[in-house]
Amino acid sequence: MTWASPRARAALERAEPFRDWLRVYPEGGSRTWNAGRRRVDGGEAVRIPDVAFLRALVADLAQDGLADPSRIVLAGFGEGGAMVLRTLCEAPGLAMGAAIVGASWPASLHCGQGRPTPILVFNGTEDPAVPFHGGQSRSDRKVGAGALASVGRTISSLSALNDCRAPLDETLPGGLGRKRIWFACQAPMMQWQIARMGHRWPGAPDQGREGDGFGPPAPAGAPDATLLIAGFFVSLVERPGP
């Protein structure tokens, strides 16, 4: 079985704003990330200091004059998305905004240090790697270790982190799912819940194929995550400062 890399799936260069941005694609050791999952015995599922690695990466980019450390944004898919969530908790202020696709909060992750951060979230309701209602991913999916929280708990944790009030829900046409926007937050937050979608990047040119073990492709007409993330990040960069 072959599956495109997260870089190919996201195809960020499709979005006009990203063509002039520095795009960096770090890779975790052994093709995974230490996203904060823990084994039954309480030990870390992955023993690599990945939060420190991302801090050092940003520092190196800034030192080399390649990036403004105050204008860093993070995006991740699957375990990479879970790593973004952990980074928001343990390296507050490293990113001015974040987007996660096909990811949820590790059940054992506690966010004591996090602070409000603009975030955009995409999840499929039929994701075998990141179960919508939480728990272990399917045993044939090599996606980290340890249980995952439900998407609902993940969203609840993020809305609490951003000090949001009740959201406004919008049903997507054609039964495609739901868009949810929170208001009165200290930092903006939006979620796209895609019905009948598996572990996919909605809008990606490569949606895989039926029977590849990652669940159904994004349905026709589903929102394009790459374009929406680009618009979201541009809005953060262009908004006036305090």
# chains A, B, ... in the order shown; residues from 1 in each chain; ligands from 1

$ residues_around --residues "Glu27 of chain A" --least-positions-apart "6" --cutoff "12 Å" --atoms "only C-alpha atoms" --output "list in words"
Ser5, Pro6, Arg7, Trp33, Asn34, Asp50, Phe53, Leu54, Leu57, Gly76, Phe77, Glu79, Gly80 and Met83 of chain A

$ write_last_selection --atoms "all heavy atoms" --output "mmCIF file, in the first residue's frame"
data_model
loop_
_atom_site.group_PDB
_atom_site.id
_atom_site.type_symbol
_atom_site.label_atom_id
_atom_site.label_comp_id
_atom_site.auth_asym_id
_atom_site.auth_seq_id
_atom_site.Cartn_x
_atom_site.Cartn_y
_atom_site.Cartn_z
ATOM 1 N N SER A 5 2.712 11.559 0.880
ATOM 2 C CA SER A 5 3.210 12.226 2.078
ATOM 3 C C SER A 5 2.272 13.366 2.465
ATOM 4 O O SER A 5 1.497 13.865 1.643
ATOM 5 C CB SER A 5 4.604 12.785 1.800
ATOM 6 O OG SER A 5 4.514 13.865 0.875
ATOM 7 N N PRO A 6 2.329 13.799 3.740
ATOM 8 C CA PRO A 6 1.524 14.966 4.125
ATOM 9 C C PRO A 6 1.778 16.173 3.232
ATOM 10 O O PRO A 6 0.855 16.931 2.935
ATOM 11 C CB PRO A 6 1.966 15.214 5.568
ATOM 12 C CG PRO A 6 2.377 13.865 6.071
ATOM 13 C CD PRO A 6 3.029 13.199 4.887
ATOM 14 N N ARG A 7 3.027 16.350 2.788
ATOM 15 C CA ARG A 7 3.332 17.487 1.903
ATOM 16 C C ARG A 7 2.555 17.381 0.601
ATOM 17 O O ARG A 7 1.972 18.359 0.117
ATOM 18 C CB ARG A 7 4.829 17.533 1.629
ATOM 19 C CG ARG A 7 5.238 18.650 0.686
ATOM 20 C CD ARG A 7 6.739 18.750 0.562
ATOM 21 N NE ARG A 7 7.135 19.850 -0.302
ATOM 22 C CZ ARG A 7 8.391 20.264 -0.444
ATOM 23 N NH1 ARG A 7 9.360 19.677 0.240
ATOM 24 N NH2 ARG A 7 8.671 21.269 -1.249
ATOM 25 N N TRP A 33 5.504 11.320 15.550
ATOM 26 C CA TRP A 33 5.819 12.439 16.423
ATOM 27 C C TRP A 33 5.517 12.059 17.858
ATOM 28 O O TRP A 33 4.640 11.245 18.119
ATOM 29 C CB TRP A 33 4.966 13.662 16.060
ATOM 30 C CG TRP A 33 5.294 14.315 14.753
ATOM 31 C CD1 TRP A 33 4.658 14.097 13.556
ATOM 32 C CD2 TRP A 33 6.314 15.276 14.500
ATOM 33 N NE1 TRP A 33 5.227 14.879 12.580
ATOM 34 C CE2 TRP A 33 6.238 15.612 13.128
ATOM 35 C CE3 TRP A 33 7.277 15.903 15.303
ATOM 36 C CZ2 TRP A 33 7.090 16.542 12.543
ATOM 37 C CZ3 TRP A 33 8.129 16.821 14.721
ATOM 38 C CH2 TRP A 33 8.026 17.132 13.358
ATOM 39 N N ASN A 34 6.218 12.688 18.767
ATOM 40 C CA ASN A 34 5.903 12.524 20.185
ATOM 41 C C ASN A 34 4.808 13.538 20.516
ATOM 42 O O ASN A 34 5.057 14.626 21.020
ATOM 43 C CB ASN A 34 7.135 12.770 21.055
ATOM 44 C CG ASN A 34 6.842 12.553 22.528
ATOM 45 O OD1 ASN A 34 5.713 12.266 22.919
ATOM 46 N ND2 ASN A 34 7.862 12.686 23.356
ATOM 47 N N ASP A 50 10.238 16.277 20.793
ATOM 48 C CA ASP A 50 9.820 16.957 19.574
ATOM 49 C C ASP A 50 9.390 18.399 19.801
ATOM 50 O O ASP A 50 9.526 19.237 18.899
ATOM 51 C CB ASP A 50 8.693 16.179 18.897
ATOM 52 C CG ASP A 50 9.221 14.981 18.121
ATOM 53 O OD1 ASP A 50 10.360 15.061 17.617
ATOM 54 O OD2 ASP A 50 8.510 13.968 17.998
ATOM 55 N N PHE A 53 12.494 20.208 19.659
ATOM 56 C CA PHE A 53 12.953 20.223 18.267
ATOM 57 C C PHE A 53 12.285 21.353 17.487
ATOM 58 O O PHE A 53 12.943 22.099 16.750
ATOM 59 C CB PHE A 53 12.659 18.868 17.624
ATOM 60 C CG PHE A 53 12.721 18.873 16.120
ATOM 61 C CD1 PHE A 53 13.906 19.122 15.454
ATOM 62 C CD2 PHE A 53 11.582 18.629 15.367
ATOM 63 C CE1 PHE A 53 13.960 19.132 14.065
ATOM 64 C CE2 PHE A 53 11.620 18.629 13.983
ATOM 65 C CZ PHE A 53 12.814 18.890 13.330
ATOM 66 N N LEU A 54 10.963 21.521 17.636
ATOM 67 C CA LEU A 54 10.263 22.573 16.912
ATOM 68 C C LEU A 54 10.685 23.954 17.399
ATOM 69 O O LEU A 54 10.824 24.897 16.605
ATOM 70 C CB LEU A 54 8.756 22.388 17.049
ATOM 71 C CG LEU A 54 8.188 21.144 16.353
ATOM 72 C CD1 LEU A 54 6.692 21.035 16.604
ATOM 73 C CD2 LEU A 54 8.470 21.162 14.853
ATOM 74 N N LEU A 57 13.982 24.575 15.767
ATOM 75 C CA LEU A 57 13.812 24.820 14.330
ATOM 76 C C LEU A 57 13.411 26.268 14.080
ATOM 77 O O LEU A 57 13.980 26.952 13.214
ATOM 78 C CB LEU A 57 12.761 23.869 13.771
ATOM 79 C CG LEU A 57 12.361 24.079 12.302
ATOM 80 C CD1 LEU A 57 13.566 23.923 11.390
ATOM 81 C CD2 LEU A 57 11.248 23.104 11.910
ATOM 82 N N GLY A 76 -0.784 20.715 10.625
ATOM 83 C CA GLY A 76 -0.403 19.303 10.695
ATOM 84 C C GLY A 76 -1.566 18.396 10.359
ATOM 85 O O GLY A 76 -2.736 18.743 10.557
ATOM 86 N N PHE A 77 -1.214 17.222 9.844
ATOM 87 C CA PHE A 77 -2.196 16.206 9.474
ATOM 88 C C PHE A 77 -1.950 14.946 10.294
ATOM 89 O O PHE A 77 -0.803 14.516 10.460
ATOM 90 C CB PHE A 77 -2.074 15.883 7.984
ATOM 91 C CG PHE A 77 -2.966 14.760 7.515
ATOM 92 C CD1 PHE A 77 -4.321 14.967 7.311
ATOM 93 C CD2 PHE A 77 -2.447 13.497 7.278
ATOM 94 C CE1 PHE A 77 -5.140 13.942 6.875
ATOM 95 C CE2 PHE A 77 -3.253 12.459 6.847
ATOM 96 C CZ PHE A 77 -4.608 12.675 6.641
ATOM 97 N N GLU A 79 -0.973 12.453 12.917
ATOM 98 C CA GLU A 79 -0.090 12.571 14.070
ATOM 99 C C GLU A 79 0.623 13.916 14.086
ATOM 100 O O GLU A 79 0.935 14.456 15.148
ATOM 101 C CB GLU A 79 0.928 11.416 14.060
ATOM 102 C CG GLU A 79 1.572 11.145 15.398
ATOM 103 C CD GLU A 79 0.642 10.480 16.407
ATOM 104 O OE1 GLU A 79 -0.563 10.331 16.138
ATOM 105 O OE2 GLU A 79 1.138 10.102 17.477
ATOM 106 N N GLY A 80 0.864 14.476 12.895
ATOM 107 C CA GLY A 80 1.423 15.823 12.835
ATOM 108 C C GLY A 80 0.470 16.857 13.403
ATOM 109 O O GLY A 80 0.886 17.823 14.043
ATOM 110 N N MET A 83 0.664 16.625 17.045
ATOM 111 C CA MET A 83 1.892 17.292 17.490
ATOM 112 C C MET A 83 1.690 18.802 17.565
ATOM 113 O O MET A 83 2.203 19.465 18.481
ATOM 114 C CB MET A 83 3.044 16.948 16.538
ATOM 115 C CG MET A 83 4.403 17.474 16.999
ATOM 116 S SD MET A 83 4.931 16.688 18.537
ATOM 117 C CE MET A 83 5.687 18.076 19.379
#

$ closest_atom_pairs --of "segment 21-110 of chain A" --to "segment 198-206 of chain A" --cutoff "8 Å" --atoms "only C-alpha atoms" --output "CSV"
residue,atom,partner,partner_atom,distance
A:Phe77,CA,A:Trp201,CA,7.7
A:Gly78,CA,A:His199,CA,7.7
A:Val101,CA,A:Trp201,CA,6.6
A:Gly102,CA,A:His199,CA,5.9

$ residues_around --residues "Arg178 of chain A" --least-positions-apart "2" --cutoff "6 Å" --atoms "only C-alpha atoms" --output "list in words"
Glu170, Thr171, Leu172, Trp192 and Gln193 of chain A

$ atom_distance --atom1 "atom CA of Arg14 of chain A" --atom2 "atom CA of Ala195 of chain A"
24.0 Å

$ residues_around --residues "Leu109 of chain A" --least-positions-apart "5" --cutoff "10 Å" --atoms "only C-alpha atoms" --output "list in words"
Ala35, Gly36, Arg37, Arg38, Ala82, Leu85, Arg86, Cys89, Leu148 and Ala149 of chain A

$ atom_distance --atom1 "atom CA of Pro118 of chain A" --atom2 "atom CA of Arg153 of chain A"
17.7 Å

$ select_by_dssp --residues "segment 40-239 of chain A" --states "strand (DSSP E or B)" --output "ChimeraX atom specification"
/A:44,73-77,97-101,106,119-124,135,148,167-172,177-182,189-194

$ select_by_dssp --residues "segment 9-235 of chain A" --states "helix (DSSP H, G or I)" --output "PyMOL selection string"
chain A and resi 9-10+12-14+16-20+29-31+50-63+69-71+79-90+151-161+173-175+225-235

$ atom_distance --atom1 "atom CA of Ala56 of chain A" --atom2 "atom CA of Asp68 of chain A"
13.9 Å
